[in-house]
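Take a look at the structure set out below.
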Amino acid sequence: MLSESRVLVINCGSSSLKFSVLPLGEDMPLLSGLAERLGLDNASISFKNESGEKRTAPLDEATHECALETLFSEMSSLCLMDSLCAIGHRVAHGGSEFRHSVLITSEVIGKIRHLSELAPLHNPANLVGIETAMSLLPDLPHIAVFDTAFHQTMPPEAYTYAIPLEYRDDYQIRRYGFHGTSHRYIAMETVKELGLDPDNHGILVAHLGNGSSVCAVKNGKSVDTSMGMTPLEGLVMGTRCGDIDFGAAAYLAKCTNQSIESIYQVMNSQSGLLGLSGISSDCRTLQEARQQGDDRATLAIDVMVHRLARHLGGHLASLTHLDALVFTGGIGENSALIRELVIDNLAVFNLKIDKEKNQSVAGGKRGVISEPDSPVILVLPTNEEKMIAGDAAEIAETVSRLPHSYEHHIIA
Ligand code: ADP
């Protein structure tokens with residue numbers, strides 16, 4: 001491994017920039033935080049140190065460049081700059097092009113830009129972070145880690161929509177899946193935690209947060225996932241509807257005289273838990289409302305749980321056997337209620353939850369929550385930053401050993 005041993009992980013949005021500085025192989029960052037309201041009034045940056053102390057400062061300019069310069073100056077004052085071996089950038093959409101994490105070159109930037117057509121909200125914002133960081137720190141290797149890459153092992157029958165095939169070939173309309181970095185991390189951790197055979201295992205991962213997806217992992221590879229060409233397909237999420245009959249969407253557009261773009265907006269940002277409950281997109285808030293007898297909050301949770309159970313059952317069909325069902329993400333890691341309700345819906349697969357153990361696992365804890373005669377049900381906190389840092393360091397090390405400048409270095 002390189003003598004320098006820390007990685008800066010950047011997740012850049014159009015008006016925000018999340019960051020963490022991770023020592024290799026460690027779970028917890030030395031420094032993390034968020035620059036917010038970039039491009040708007042009152043832009044600020046907040047830092048959280050190793051002990052969890054937080055500090056927020058206004059930014060002199062509301063730009064990504066100023067945010068990164070402020071971050072680098074903070075890192076310098078904490079003596080973290082000299083020890084950096086790489087910068088890992090989270091990138092939303094890698095299309096069919098990127099099956100792995102990759103060293104960022106001008107060619108890679110061109111391809112990520114081209115893929116913006118598939119992810120217009122995310123890839124251009126990710127590129128701002130990449131290009132700004134590369135211009136400020138040109139001597140360090142910058143690595144792109146794609147949310148879609150892990151799912152590139154899905155077989156054609158799992159990723160192809162049943163529309164005229166020319167659309168897949170001419171316009172890249174197919175299922176890609178997202179949350180790949182989290183699913184890959186959780187699958188790897190599950191193999192370690194349970195001592196599974198790396199070449200013969202079947203795992204279902206339920207990543208449940210504001211965005212949610214299920215993934216079936218067979219022998220370390222994604223074989224099916226619930227999100228599709230965009231993160232809209234699949235489960236009921238905070239504000240996204242997940243699966244919906246296109247006929248219903250078309251009819252709604254006609255009834256309300258809305259354009260396709262407007263319906264797409266409704267499905268993405270006014271639906272899911274928020275649209276059903278009329279209260280909130282936040283699962284915790286809805287659990288409280290349900291407790292107090294709110295009918296719409298109760299229905300919202302029931303619809304979410306039903307869809308989740310349906311997807312878990314469906315994804316089982318891509319496995320030859322089930323070693324473990326793993327819950328992760330804000331809801332998966334913390335909501336004993338959602339875990340219990342969904343497992344109750346999966347009794348046909350002999351999945352049985354230990355209610356006491358289930359109640360005791362929350363707040364970043366990991367643990368088995370199944371009965372002894374059930375397939376294992378596990379809760380594991382996800383750590384996408386650690387996975388990104390690991391990929392970035394591994395590629396940086398390969399690059400440092402090469403005699404010439406780098407192009408196209410990938411890791412399996
Ligand atoms: P994101 O997808 O934005 O990363 P998170 O993974 O942080 O989101 O998950 C956020 C979701 O987790 C919210 O719906 C929140 O209500 C839910 N959540 C967090 N803690 C709890 C809890 N104790 N009980 C139920 N839901 C929780």
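How things are named: the first chain in the structure tokens is A, the next is B, and so on; residues count from 1 in each chain; ligands count from 1 in the order shown.
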
Selection as a ChimeraX atom specification: residues within 6 Å of ligand 1 by only C-alpha atoms and all ligand atoms: /A:209-211,282-284,329-331,334-335

10 Å contact set for stretch 307-324 of chain A, only C-alpha atoms, chain neighbours under 4 positions out, as a PyMOL selection string: chain A and resi 158+187+190-191+194+196+200-206+208+212-219+222-226+234-236+242-243+301-303+338+341-346+348-349+351+368+370+374-378

Next, dump the selected residues to file, keeping only N, CA and C atoms, as a compact mmCIF listing (two decimals), in the first residue's frame.
# COMPACT_ATOMS: atom_id res chain seq x y z
N ALA A 158 -32.50 -9.65 -16.98
CA ALA A 158 -32.83 -8.81 -15.82
C ALA A 158 -32.76 -7.33 -16.17
N ALA A 187 -22.65 -6.73 0.65
CA ALA A 187 -22.45 -8.12 0.27
C ALA A 187 -21.08 -8.61 0.75
N THR A 190 -21.13 -9.04 4.50
CA THR A 190 -21.95 -10.19 4.90
C THR A 190 -21.15 -11.48 4.74
N VAL A 191 -20.42 -11.58 3.63
CA VAL A 191 -19.59 -12.78 3.40
C VAL A 191 -18.59 -12.92 4.55
N LEU A 194 -20.47 -13.59 8.13
CA LEU A 194 -21.08 -14.92 8.32
C LEU A 194 -20.16 -16.05 7.87
N LEU A 196 -19.21 -16.82 4.82
CA LEU A 196 -19.79 -17.51 3.66
C LEU A 196 -18.70 -17.86 2.63
N ASN A 200 -19.82 -19.30 -3.51
CA ASN A 200 -21.11 -19.99 -3.49
C ASN A 200 -22.00 -19.40 -2.40
N HIS A 201 -22.58 -18.25 -2.71
CA HIS A 201 -23.50 -17.66 -1.72
C HIS A 201 -24.64 -16.92 -2.42
N GLY A 202 -25.71 -16.74 -1.67
CA GLY A 202 -26.87 -15.99 -2.15
C GLY A 202 -27.30 -15.00 -1.07
N ILE A 203 -27.30 -13.72 -1.42
CA ILE A 203 -27.62 -12.68 -0.43
C ILE A 203 -28.66 -11.72 -1.02
N LEU A 204 -29.64 -11.36 -0.20
CA LEU A 204 -30.55 -10.28 -0.59
C LEU A 204 -30.20 -9.06 0.25
N VAL A 205 -29.98 -7.93 -0.40
CA VAL A 205 -29.69 -6.70 0.35
C VAL A 205 -30.86 -5.75 0.17
N ALA A 206 -31.37 -5.23 1.30
CA ALA A 206 -32.41 -4.20 1.25
C ALA A 206 -31.78 -2.90 1.76
N LEU A 208 -32.44 0.65 2.49
CA LEU A 208 -33.66 1.44 2.68
C LEU A 208 -33.33 2.79 3.30
N SER A 212 -34.42 3.93 -1.99
CA SER A 212 -34.31 2.55 -1.52
C SER A 212 -34.22 1.60 -2.70
N SER A 213 -33.44 0.53 -2.50
CA SER A 213 -33.44 -0.52 -3.52
C SER A 213 -33.05 -1.86 -2.91
N VAL A 214 -33.48 -2.91 -3.61
CA VAL A 214 -33.16 -4.29 -3.23
C VAL A 214 -32.16 -4.80 -4.26
N CYS A 215 -31.24 -5.66 -3.82
CA CYS A 215 -30.31 -6.28 -4.77
C CYS A 215 -30.15 -7.75 -4.43
N ALA A 216 -30.16 -8.60 -5.46
CA ALA A 216 -29.85 -10.02 -5.27
C ALA A 216 -28.39 -10.22 -5.67
N VAL A 217 -27.60 -10.76 -4.73
CA VAL A 217 -26.16 -10.94 -4.98
C VAL A 217 -25.85 -12.44 -4.96
N LYS A 218 -25.33 -12.91 -6.09
CA LYS A 218 -24.99 -14.33 -6.21
C LYS A 218 -23.47 -14.42 -6.41
N ASN A 219 -22.81 -15.05 -5.48
CA ASN A 219 -21.35 -15.24 -5.57
C ASN A 219 -20.61 -13.92 -5.85
N SER A 222 -23.93 -8.79 -8.59
CA SER A 222 -25.34 -8.39 -8.63
C SER A 222 -26.02 -9.11 -9.79
N VAL A 223 -27.12 -9.80 -9.49
CA VAL A 223 -27.85 -10.51 -10.56
C VAL A 223 -29.23 -9.91 -10.80
N ASP A 224 -29.69 -9.09 -9.87
CA ASP A 224 -30.94 -8.35 -10.10
C ASP A 224 -31.03 -7.23 -9.08
N THR A 225 -31.71 -6.17 -9.44
CA THR A 225 -31.91 -5.05 -8.52
C THR A 225 -33.21 -4.34 -8.87
N SER A 226 -33.74 -3.59 -7.90
CA SER A 226 -35.09 -3.06 -8.10
C SER A 226 -35.14 -1.71 -8.82
N GLY A 234 -39.07 0.65 -8.80
CA GLY A 234 -38.91 -0.31 -7.71
C GLY A 234 -39.70 0.00 -6.46
N LEU A 235 -38.98 0.17 -5.36
CA LEU A 235 -39.62 0.29 -4.04
C LEU A 235 -40.31 1.64 -3.87
N VAL A 236 -41.20 1.70 -2.88
CA VAL A 236 -41.80 2.97 -2.45
C VAL A 236 -40.72 3.70 -1.63
N GLY A 242 -41.74 4.61 -7.03
CA GLY A 242 -41.34 3.25 -7.41
C GLY A 242 -42.19 2.75 -8.55
N ASP A 243 -42.37 1.42 -8.63
CA ASP A 243 -43.11 0.82 -9.75
C ASP A 243 -44.50 1.44 -9.91
N ILE A 301 -47.05 3.37 5.20
CA ILE A 301 -46.12 2.34 5.68
C ILE A 301 -46.53 0.97 5.16
N ASP A 302 -47.82 0.70 5.15
CA ASP A 302 -48.28 -0.61 4.64
C ASP A 302 -47.94 -0.81 3.17
N VAL A 303 -48.11 0.26 2.37
CA VAL A 303 -47.80 0.15 0.93
C VAL A 303 -46.29 -0.06 0.75
N ILE A 338 -40.30 -1.51 10.59
CA ILE A 338 -40.34 -1.87 9.16
C ILE A 338 -39.75 -3.27 8.96
N LEU A 341 -42.37 -5.82 10.14
CA LEU A 341 -43.54 -5.91 9.25
C LEU A 341 -43.19 -6.63 7.96
N VAL A 342 -42.02 -6.33 7.41
CA VAL A 342 -41.69 -6.95 6.12
C VAL A 342 -41.38 -8.44 6.30
N ILE A 343 -40.71 -8.79 7.39
CA ILE A 343 -40.42 -10.22 7.59
C ILE A 343 -41.72 -11.00 7.84
N ASP A 344 -42.65 -10.38 8.53
CA ASP A 344 -43.95 -11.04 8.72
C ASP A 344 -44.62 -11.34 7.37
N ASN A 345 -44.38 -10.49 6.38
CA ASN A 345 -44.95 -10.70 5.04
C ASN A 345 -44.20 -11.76 4.24
N LEU A 346 -43.06 -12.22 4.78
CA LEU A 346 -42.23 -13.17 4.02
C LEU A 346 -42.18 -14.54 4.68
N VAL A 348 -43.72 -17.15 4.08
CA VAL A 348 -43.74 -18.25 3.11
C VAL A 348 -42.33 -18.73 2.77
N PHE A 349 -41.33 -17.87 2.95
CA PHE A 349 -39.94 -18.26 2.69
C PHE A 349 -39.24 -18.74 3.96
N LEU A 351 -38.76 -17.16 6.59
CA LEU A 351 -38.00 -16.12 7.27
C LEU A 351 -38.71 -15.78 8.58
N VAL A 368 -27.37 -10.08 14.03
CA VAL A 368 -28.32 -11.05 13.47
C VAL A 368 -29.64 -10.87 14.22
N SER A 370 -32.54 -12.86 13.29
CA SER A 370 -33.45 -13.96 12.90
C SER A 370 -33.53 -15.01 14.00
N SER A 374 -34.45 -19.95 10.91
CA SER A 374 -34.77 -19.12 9.75
C SER A 374 -33.49 -18.90 8.94
N PRO A 375 -33.59 -18.61 7.62
CA PRO A 375 -32.40 -18.07 6.95
C PRO A 375 -31.93 -16.84 7.73
N VAL A 376 -30.62 -16.56 7.71
CA VAL A 376 -30.10 -15.47 8.53
C VAL A 376 -30.67 -14.12 8.07
N ILE A 377 -31.11 -13.33 9.02
CA ILE A 377 -31.51 -11.95 8.74
C ILE A 377 -30.55 -11.07 9.53
N LEU A 378 -29.91 -10.15 8.82
CA LEU A 378 -28.81 -9.39 9.41
C LEU A 378 -29.06 -7.90 9.24

Quick one: residues within 9 Å of A:Arg90, only C-alpha atoms counted, chain neighbours fewer than 3 positions away excluded, as an mmCIF file with all heavy atoms, in the first residue's frame?
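Everything below was put into around31.cif:
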data_model
loop_
_atom_site.group_PDB
_atom_site.id
_atom_site.type_symbol
_atom_site.label_atom_id
_atom_site.label_comp_id
_atom_site.auth_asym_id
_atom_site.auth_seq_id
_atom_site.Cartn_x
_atom_site.Cartn_y
_atom_site.Cartn_z
ATOM 1 N N VAL A 9 -12.952 11.602 0.010
ATOM 2 C CA VAL A 9 -14.101 11.141 -0.769
ATOM 3 C C VAL A 9 -15.042 12.325 -0.981
ATOM 4 O O VAL A 9 -15.405 13.022 -0.020
ATOM 5 C CB VAL A 9 -14.839 9.991 -0.038
ATOM 6 C CG1 VAL A 9 -16.099 9.591 -0.794
ATOM 7 C CG2 VAL A 9 -13.914 8.786 0.122
ATOM 8 N N ILE A 10 -15.398 12.557 -2.242
ATOM 9 C CA ILE A 10 -16.248 13.708 -2.576
ATOM 10 C C ILE A 10 -17.531 13.226 -3.255
ATOM 11 O O ILE A 10 -17.486 12.402 -4.165
ATOM 12 C CB ILE A 10 -15.497 14.672 -3.528
ATOM 13 C CG1 ILE A 10 -14.320 15.309 -2.792
ATOM 14 C CG2 ILE A 10 -16.436 15.750 -4.066
ATOM 15 C CD1 ILE A 10 -13.480 16.216 -3.666
ATOM 16 N N ASN A 11 -18.649 13.760 -2.785
ATOM 17 C CA ASN A 11 -19.946 13.470 -3.410
ATOM 18 C C ASN A 11 -20.577 14.826 -3.739
ATOM 19 O O ASN A 11 -21.086 15.509 -2.846
ATOM 20 C CB ASN A 11 -20.811 12.674 -2.427
ATOM 21 C CG ASN A 11 -22.167 12.313 -3.013
ATOM 22 O OD1 ASN A 11 -22.459 12.639 -4.157
ATOM 23 N ND2 ASN A 11 -22.977 11.639 -2.223
ATOM 24 N N CYS A 12 -20.488 15.213 -5.007
ATOM 25 C CA CYS A 12 -20.851 16.576 -5.363
ATOM 26 C C CYS A 12 -22.238 16.653 -6.002
ATOM 27 O O CYS A 12 -22.513 15.974 -6.989
ATOM 28 C CB CYS A 12 -19.807 17.113 -6.337
ATOM 29 S SG CYS A 12 -19.987 18.857 -6.619
ATOM 30 N N ASN A 126 -21.853 15.956 -10.520
ATOM 31 C CA ASN A 126 -20.665 15.168 -10.153
ATOM 32 C C ASN A 126 -19.438 15.688 -10.901
ATOM 33 O O ASN A 126 -18.345 15.774 -10.341
ATOM 34 C CB ASN A 126 -20.857 13.687 -10.499
ATOM 35 C CG ASN A 126 -22.028 13.023 -9.779
ATOM 36 O OD1 ASN A 126 -22.602 12.064 -10.281
ATOM 37 N ND2 ASN A 126 -22.385 13.522 -8.605
ATOM 38 N N ILE A 143 -10.279 9.311 -8.750
ATOM 39 C CA ILE A 143 -10.918 8.055 -9.163
ATOM 40 C C ILE A 143 -12.427 8.229 -9.138
ATOM 41 O O ILE A 143 -12.983 8.805 -8.185
ATOM 42 C CB ILE A 143 -10.480 6.892 -8.220
ATOM 43 C CG1 ILE A 143 -9.053 6.448 -8.571
ATOM 44 C CG2 ILE A 143 -11.380 5.665 -8.366
ATOM 45 C CD1 ILE A 143 -7.966 7.159 -7.930
ATOM 46 N N ALA A 144 -13.095 7.734 -10.178
ATOM 47 C CA ALA A 144 -14.564 7.783 -10.221
ATOM 48 C C ALA A 144 -15.118 6.436 -9.765
ATOM 49 O O ALA A 144 -14.679 5.389 -10.233
ATOM 50 C CB ALA A 144 -15.040 8.085 -11.638
ATOM 51 N N VAL A 145 -16.091 6.485 -8.852
ATOM 52 C CA VAL A 145 -16.757 5.269 -8.368
ATOM 53 C C VAL A 145 -18.243 5.439 -8.685
ATOM 54 O O VAL A 145 -18.879 6.389 -8.217
ATOM 55 C CB VAL A 145 -16.508 5.089 -6.850
ATOM 56 C CG1 VAL A 145 -17.200 3.825 -6.338
ATOM 57 C CG2 VAL A 145 -15.002 5.015 -6.562
ATOM 58 N N PHE A 146 -18.770 4.532 -9.499
ATOM 59 C CA PHE A 146 -20.111 4.706 -10.062
ATOM 60 C C PHE A 146 -21.168 3.942 -9.263
ATOM 61 O O PHE A 146 -20.970 2.777 -8.905
ATOM 62 C CB PHE A 146 -20.130 4.195 -11.507
ATOM 63 C CG PHE A 146 -19.166 4.922 -12.399
ATOM 64 C CD1 PHE A 146 -17.858 4.469 -12.557
ATOM 65 C CD2 PHE A 146 -19.552 6.075 -13.060
ATOM 66 C CE1 PHE A 146 -16.960 5.147 -13.361
ATOM 67 C CE2 PHE A 146 -18.654 6.762 -13.870
ATOM 68 C CZ PHE A 146 -17.354 6.289 -14.013
ATOM 69 N N ASP A 147 -22.320 4.587 -9.062
ATOM 70 C CA ASP A 147 -23.446 3.939 -8.356
ATOM 71 C C ASP A 147 -24.006 2.752 -9.138
ATOM 72 O O ASP A 147 -24.658 1.877 -8.577
ATOM 73 C CB ASP A 147 -24.601 4.947 -8.195
ATOM 74 C CG ASP A 147 -24.490 5.702 -6.900
ATOM 75 O OD1 ASP A 147 -23.405 5.660 -6.293
ATOM 76 O OD2 ASP A 147 -25.486 6.336 -6.506
ATOM 77 N N GLU A 385 -18.624 5.465 1.746
ATOM 78 C CA GLU A 385 -17.380 6.239 1.711
ATOM 79 C C GLU A 385 -16.171 5.313 1.852
ATOM 80 O O GLU A 385 -15.163 5.470 1.172
ATOM 81 C CB GLU A 385 -17.341 7.287 2.836
ATOM 82 C CG GLU A 385 -18.239 8.490 2.605
ATOM 83 C CD GLU A 385 -19.710 8.188 2.849
ATOM 84 O OE1 GLU A 385 -20.020 7.148 3.471
ATOM 85 O OE2 GLU A 385 -20.555 8.994 2.406
ATOM 86 N N ILE A 388 -15.627 3.572 -1.426
ATOM 87 C CA ILE A 388 -15.049 4.494 -2.424
ATOM 88 C C ILE A 388 -13.574 4.729 -2.107
ATOM 89 O O ILE A 388 -12.712 4.686 -2.995
ATOM 90 C CB ILE A 388 -15.834 5.841 -2.442
ATOM 91 C CG1 ILE A 388 -17.262 5.604 -2.955
ATOM 92 C CG2 ILE A 388 -15.112 6.880 -3.301
ATOM 93 C CD1 ILE A 388 -18.192 6.804 -2.851
#

DSSP-assigned strand (DSSP E or B) members of stretch 17-197 of chain A, reported as a PyMOL selection string: chain A and resi 17-23+31-36+44-49+54-58+84-91+102-103+142-146

Residues from last step as file, N, CA and C atoms, as an mmCIF file, in the first residue's frame:
data_model
loop_
_atom_site.group_PDB
_atom_site.id
_atom_site.type_symbol
_atom_site.label_atom_id
_atom_site.label_comp_id
_atom_site.auth_asym_id
_atom_site.auth_seq_id
_atom_site.Cartn_x
_atom_site.Cartn_y
_atom_site.Cartn_z
ATOM 1 N N LEU A 17 -21.887 19.836 -1.544
ATOM 2 C CA LEU A 17 -20.691 19.006 -1.717
ATOM 3 C C LEU A 17 -20.411 18.310 -0.386
ATOM 4 N N LYS A 18 -20.570 16.991 -0.386
ATOM 5 C CA LYS A 18 -20.289 16.221 0.836
ATOM 6 C C LYS A 18 -18.870 15.693 0.745
ATOM 7 N N PHE A 19 -18.196 15.617 1.872
ATOM 8 C CA PHE A 19 -16.828 15.119 1.828
ATOM 9 C C PHE A 19 -16.502 14.325 3.081
ATOM 10 N N SER A 20 -15.545 13.418 2.970
ATOM 11 C CA SER A 20 -14.970 12.785 4.153
ATOM 12 C C SER A 20 -13.534 12.383 3.863
ATOM 13 N N VAL A 21 -12.720 12.449 4.901
ATOM 14 C CA VAL A 21 -11.321 12.044 4.791
ATOM 15 C C VAL A 21 -11.172 10.771 5.596
ATOM 16 N N LEU A 22 -10.860 9.682 4.893
ATOM 17 C CA LEU A 22 -10.824 8.377 5.562
ATOM 18 C C LEU A 22 -9.422 7.783 5.552
ATOM 19 N N PRO A 23 -8.948 7.331 6.704
ATOM 20 C CA PRO A 23 -7.715 6.537 6.694
ATOM 21 C C PRO A 23 -8.056 5.174 6.094
ATOM 22 N N LEU A 31 -12.247 13.515 9.222
ATOM 23 C CA LEU A 31 -12.943 14.787 9.021
ATOM 24 C C LEU A 31 -14.045 14.524 7.997
ATOM 25 N N SER A 32 -15.212 15.072 8.222
ATOM 26 C CA SER A 32 -16.275 14.938 7.229
ATOM 27 C C SER A 32 -17.120 16.193 7.263
ATOM 28 N N GLY A 33 -18.008 16.335 6.319
ATOM 29 C CA GLY A 33 -18.868 17.518 6.353
ATOM 30 C C GLY A 33 -19.554 17.772 5.043
ATOM 31 N N LEU A 34 -20.066 18.990 4.948
ATOM 32 C CA LEU A 34 -20.967 19.318 3.844
ATOM 33 C C LEU A 34 -20.907 20.815 3.561
ATOM 34 N N ALA A 35 -20.713 21.148 2.266
ATOM 35 C CA ALA A 35 -20.882 22.542 1.847
ATOM 36 C C ALA A 35 -22.273 22.638 1.235
ATOM 37 N N GLU A 36 -23.038 23.630 1.655
ATOM 38 C CA GLU A 36 -24.444 23.728 1.225
ATOM 39 C C GLU A 36 -24.742 25.080 0.589
ATOM 40 N N SER A 44 -22.645 27.872 3.031
ATOM 41 C CA SER A 44 -21.831 27.603 4.223
ATOM 42 C C SER A 44 -21.168 26.235 4.103
ATOM 43 N N ILE A 45 -20.194 26.020 4.972
ATOM 44 C CA ILE A 45 -19.539 24.716 5.006
ATOM 45 C C ILE A 45 -19.486 24.253 6.460
ATOM 46 N N SER A 46 -19.827 22.987 6.684
ATOM 47 C CA SER A 46 -19.741 22.489 8.063
ATOM 48 C C SER A 46 -18.763 21.324 8.120
ATOM 49 N N PHE A 47 -18.017 21.276 9.221
ATOM 50 C CA PHE A 47 -17.010 20.239 9.428
ATOM 51 C C PHE A 47 -17.356 19.449 10.673
ATOM 52 N N LYS A 48 -17.106 18.164 10.609
ATOM 53 C CA LYS A 48 -17.257 17.325 11.809
ATOM 54 C C LYS A 48 -15.939 16.595 11.999
ATOM 55 N N ASN A 49 -15.345 16.716 13.189
ATOM 56 C CA ASN A 49 -14.060 16.042 13.394
ATOM 57 C C ASN A 49 -14.258 14.636 13.948
ATOM 58 N N LYS A 54 -18.830 19.561 15.799
ATOM 59 C CA LYS A 54 -19.209 20.192 14.531
ATOM 60 C C LYS A 54 -18.884 21.680 14.544
ATOM 61 N N ARG A 55 -18.572 22.205 13.359
ATOM 62 C CA ARG A 55 -18.308 23.628 13.234
ATOM 63 C C ARG A 55 -18.804 24.072 11.865
ATOM 64 N N THR A 56 -19.536 25.170 11.825
ATOM 65 C CA THR A 56 -20.037 25.669 10.530
ATOM 66 C C THR A 56 -19.470 27.052 10.285
ATOM 67 N N ALA A 57 -19.051 27.302 9.014
ATOM 68 C CA ALA A 57 -18.511 28.613 8.670
ATOM 69 C C ALA A 57 -19.139 29.084 7.369
ATOM 70 N N PRO A 58 -19.350 30.409 7.233
ATOM 71 C CA PRO A 58 -19.865 30.898 5.947
ATOM 72 C C PRO A 58 -18.786 30.772 4.880
ATOM 73 N N LEU A 84 -2.605 12.545 1.850
ATOM 74 C CA LEU A 84 -3.620 12.060 0.889
ATOM 75 C C LEU A 84 -2.968 11.237 -0.219
ATOM 76 N N CYS A 85 -3.531 10.053 -0.500
ATOM 77 C CA CYS A 85 -3.000 9.267 -1.626
ATOM 78 C C CYS A 85 -3.933 9.315 -2.821
ATOM 79 N N ALA A 86 -5.172 9.728 -2.630
ATOM 80 C CA ALA A 86 -6.108 9.740 -3.754
ATOM 81 C C ALA A 86 -7.366 10.510 -3.389
ATOM 82 N N ILE A 87 -8.107 10.879 -4.432
ATOM 83 C CA ILE A 87 -9.430 11.477 -4.231
ATOM 84 C C ILE A 87 -10.445 10.567 -4.923
ATOM 85 N N GLY A 88 -11.446 10.141 -4.184
ATOM 86 C CA GLY A 88 -12.496 9.282 -4.747
ATOM 87 C C GLY A 88 -13.747 10.105 -4.973
ATOM 88 N N HIS A 89 -14.272 10.080 -6.186
ATOM 89 C CA HIS A 89 -15.478 10.851 -6.520
ATOM 90 C C HIS A 89 -16.645 9.894 -6.745
ATOM 91 N N ARG A 90 -17.737 10.147 -6.063
ATOM 92 C CA ARG A 90 -18.941 9.365 -6.328
ATOM 93 C C ARG A 90 -19.589 9.892 -7.612
ATOM 94 N N VAL A 91 -19.884 8.997 -8.521
ATOM 95 C CA VAL A 91 -20.546 9.390 -9.772
ATOM 96 C C VAL A 91 -21.819 8.560 -9.913
ATOM 97 N N VAL A 102 -12.741 3.700 -11.804
ATOM 98 C CA VAL A 102 -11.762 3.991 -12.855
ATOM 99 C C VAL A 102 -10.992 5.266 -12.541
ATOM 100 N N LEU A 103 -9.719 5.287 -12.940
ATOM 101 C CA LEU A 103 -8.924 6.501 -12.820
ATOM 102 C C LEU A 103 -9.487 7.547 -13.777
ATOM 103 N N HIS A 142 -7.288 10.999 -9.246
ATOM 104 C CA HIS A 142 -8.722 11.150 -8.967
ATOM 105 C C HIS A 142 -9.421 9.927 -9.538
ATOM 106 N N ILE A 143 -10.279 9.311 -8.750
ATOM 107 C CA ILE A 143 -10.918 8.055 -9.163
ATOM 108 C C ILE A 143 -12.427 8.229 -9.138
ATOM 109 N N ALA A 144 -13.095 7.734 -10.178
ATOM 110 C CA ALA A 144 -14.564 7.783 -10.221
ATOM 111 C C ALA A 144 -15.118 6.436 -9.765
ATOM 112 N N VAL A 145 -16.091 6.485 -8.852
ATOM 113 C CA VAL A 145 -16.757 5.269 -8.368
ATOM 114 C C VAL A 145 -18.243 5.439 -8.685
ATOM 115 N N PHE A 146 -18.770 4.532 -9.499
ATOM 116 C CA PHE A 146 -20.111 4.706 -10.062
ATOM 117 C C PHE A 146 -21.168 3.942 -9.263
#

Secondary structure check, alpha helix (DSSP H) residues of stretch 317-402 of chain A, as an MDAnalysis selection string: chainID A and resid 329:334 336:344 355:360 384:401

For atom CA of A:Ser360 and atom CA of A:Val326, the interatomic separation in Å (one decimal):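 Computed distance, atom CA of A:Ser360 to atom CA of A:Val326, equals 15.8 Å.
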
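Going from atom CA of A:Leu40 over to atom CA of A:Ala62, you cover 6.4 Å.
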
All residues 8 Å or closer to A:Leu136, only C-alpha atoms, same chain fewer than 3 positions away omitted, as a ChimeraX atom specification: /A:69,132-133

File of the preceding selection, all heavy atoms, as a compact mmCIF listing (two decimals), in the first residue's frame:
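So part.txt came out as:
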# COMPACT_ATOMS: atom_id res chain seq x y z
N GLU A 69 -11.61 24.89 -1.77
CA GLU A 69 -10.44 25.61 -1.24
C GLU A 69 -10.53 25.72 0.27
O GLU A 69 -9.55 25.55 0.99
CB GLU A 69 -10.35 27.01 -1.87
CG GLU A 69 -9.69 26.97 -3.23
CD GLU A 69 -9.80 28.29 -3.99
OE1 GLU A 69 -10.58 29.17 -3.54
OE2 GLU A 69 -9.14 28.40 -5.03
N THR A 132 -13.38 20.60 -10.67
CA THR A 132 -12.85 21.60 -9.74
C THR A 132 -11.75 20.98 -8.90
O THR A 132 -10.66 21.57 -8.73
CB THR A 132 -13.98 22.13 -8.82
OG1 THR A 132 -15.09 22.48 -9.62
CG2 THR A 132 -13.52 23.33 -8.02
N ALA A 133 -11.98 19.79 -8.38
CA ALA A 133 -10.97 19.15 -7.53
C ALA A 133 -9.71 18.85 -8.34
O ALA A 133 -8.59 19.02 -7.84
CB ALA A 133 -11.54 17.87 -6.92

For atom CA of A:Asn383 and atom CA of A:Val361, the interatomic separation in Å (one decimal):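 Computed distance, atom CA of A:Asn383 to atom CA of A:Val361, equals 16.9 Å.
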
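The nearest approach to A:Thr160 among the residues A:Gln291, A:Ala249, A:Ile112, A:Gly228, with only C-alpha atoms taken into account, belongs to A:Gly228.
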
Residues of stretch 229-308 of chain A within 10 Å of stretch 162-175 of chain A: nearest atom pair and distance (Å, one decimal) for each, counting only C-alpha atoms, sorted by chain and number, as a tab-separated table?
residue	atom	partner	partner_atom	distance
A:Met229	CA	A:Arg175	CA	4.3
A:Thr230	CA	A:Arg175	CA	7.7
A:Pro231	CA	A:Arg175	CA	9.8
A:Glu233	CA	A:Arg175	CA	9.2

Only N, CA, C and O atoms, please: the residues just picked out, written as a compact mmCIF listing (two decimals), in the first residue's frame.
# COMPACT_ATOMS: atom_id res chain seq x y z
N MET A 229 -33.67 2.15 -15.10
CA MET A 229 -32.87 3.09 -15.89
C MET A 229 -32.56 4.34 -15.07
O MET A 229 -31.52 4.96 -15.21
N THR A 230 -33.52 4.69 -14.20
CA THR A 230 -33.33 5.81 -13.27
C THR A 230 -33.65 5.30 -11.87
O THR A 230 -34.21 4.20 -11.72
N PRO A 231 -33.35 6.09 -10.84
CA PRO A 231 -33.65 5.62 -9.47
C PRO A 231 -35.13 5.68 -9.11
O PRO A 231 -35.50 5.55 -7.96
N GLU A 233 -37.57 3.57 -10.36
CA GLU A 233 -38.26 2.27 -10.40
C GLU A 233 -38.10 1.50 -9.08
O GLU A 233 -37.14 1.68 -8.34

Nearest-residue call for A:Tyr159, choices A:Gly177, A:Gly129, A:Pro138, A:Gly247, using only C-alpha atoms: A:Gly177

A:Pro124 environment, 8 Å, only C-alpha atoms, sequence neighbours closer than 6 positions dropped, as an MDAnalysis selection string: chainID A and resid 14 113 116

Among the residues A:Thr153, A:Gln359, A:Thr148, A:Asn350, the one that comes closest to A:Ser182 [using only C-alpha atoms]: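 Selected residue with least distance to A:Ser182: A:Thr148.
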